[in-house]
Amino acid sequence: MASHIRSLRVPTTIVALIASVATVLATPAFGQSEEDFTPVGYEFCGWLNLGEGTWTYGDPEDGAWLRLFARDMTCRSARRNYGRVRYTQRPPYRPVKPGYRCRTLDSDYEYGDVRCAKQGKSRVAFRWQTGS
């Protein structure tokens, strides 16, 4: 082995920690309590039944889902604001809401995490996560 290449030995406790975090992240949203998936500082505002367009606080049915959160605003306002979000017409299809700055925080195959913060009052925000 070349002298400039060192052997990398990772302690087993770090490997176990990484494996447990990966397991938690891979766990589906169903059957979890709202404290398990609500981002810090946000209030859980419910699940959107994408088939019927209705909101519920109970676990969603299997399939596509959307969960909504609010920070320094009511859930009613967050739901109304979410309903008024539009997307740009060309790729990468960014969310747009007048008076808010929307950012895609995370995006993966069949998953999205988006936050819209009020311009000038960044603490006032709503956020949603989608998946299937």
# chains A, B, ... in the order shown; residues from 1 in each chain; ligands from 1
>>> residues_around(residues="range 89-105 of chain A", least_positions_apart="6", cutoff="12 Å", atoms="only C-alpha atoms", output="PyMOL selection string")
chain A and resi 78+80-83+111-130
>>> closest_residue(among="A:Cys75, A:Val85, A:Tyr109, A:Phe44", to="Tyr57 in chain A", atoms="only C-alpha atoms")
A:Phe44
>>> atom_distance(atom1="CA of Cys45 in chain A", atom2="CA of Phe69 in chain A")
5.1 Å
>>> closest_residue(among="A:Arg76, A:Tyr87, A:Gly58, A:Leu68", to="Tyr42 in chain A", atoms="only C-alpha atoms")
A:Leu68
>>> residues_around(residues="Asn49 in chain A", least_positions_apart="2", cutoff="9 Å", atoms="only C-alpha atoms", output="list in words")
Trp47, Gly51, Glu52, Gly53, Thr54, Trp55, Thr56, Pro60, Glu61, Ala64, Trp65 and Leu66 of chain A
>>> write_last_selection(atoms="N, CA and C atoms", output="compact mmCIF listing (two decimals), in the first residue's frame")
# COMPACT_ATOMS: atom_id res chain seq x y z
N TRP A 47 -53.12 15.89 7.13
CA TRP A 47 -52.84 15.19 5.88
C TRP A 47 -53.88 15.60 4.85
N GLY A 51 -56.93 12.25 -3.28
CA GLY A 51 -58.03 11.77 -4.12
C GLY A 51 -59.30 12.58 -3.96
N GLU A 52 -59.61 12.94 -2.70
CA GLU A 52 -60.85 13.66 -2.41
C GLU A 52 -60.65 15.15 -2.18
N GLY A 53 -59.42 15.57 -1.91
CA GLY A 53 -59.15 16.97 -1.63
C GLY A 53 -59.59 17.41 -0.24
N THR A 54 -59.67 16.47 0.70
CA THR A 54 -60.09 16.78 2.07
C THR A 54 -58.90 16.64 3.02
N TRP A 55 -58.97 17.36 4.15
CA TRP A 55 -57.92 17.33 5.16
C TRP A 55 -58.34 16.46 6.33
N THR A 56 -57.37 15.74 6.91
CA THR A 56 -57.61 14.90 8.07
C THR A 56 -56.37 14.90 8.97
N PRO A 60 -53.15 8.70 6.90
CA PRO A 60 -53.71 8.64 5.54
C PRO A 60 -53.78 7.20 5.04
N GLU A 61 -54.55 7.02 3.99
CA GLU A 61 -54.60 5.71 3.35
C GLU A 61 -53.29 5.50 2.60
N ALA A 64 -50.37 7.97 -2.41
CA ALA A 64 -49.80 9.32 -2.40
C ALA A 64 -50.32 10.10 -1.19
N TRP A 65 -49.46 10.91 -0.58
CA TRP A 65 -49.85 11.68 0.61
C TRP A 65 -49.19 13.05 0.59
N LEU A 66 -49.77 13.96 1.37
CA LEU A 66 -49.22 15.29 1.57
C LEU A 66 -49.52 15.68 3.00
>>> atom_distance(atom1="CA of Arg79 in chain A", atom2="CA of Arg67 in chain A")
10.4 Å
>>> closest_residue(among="A:Ala70, A:Gly131, A:Arg84, A:Val40", to="Asp106 in chain A", atoms="only C-alpha atoms")
A:Gly131
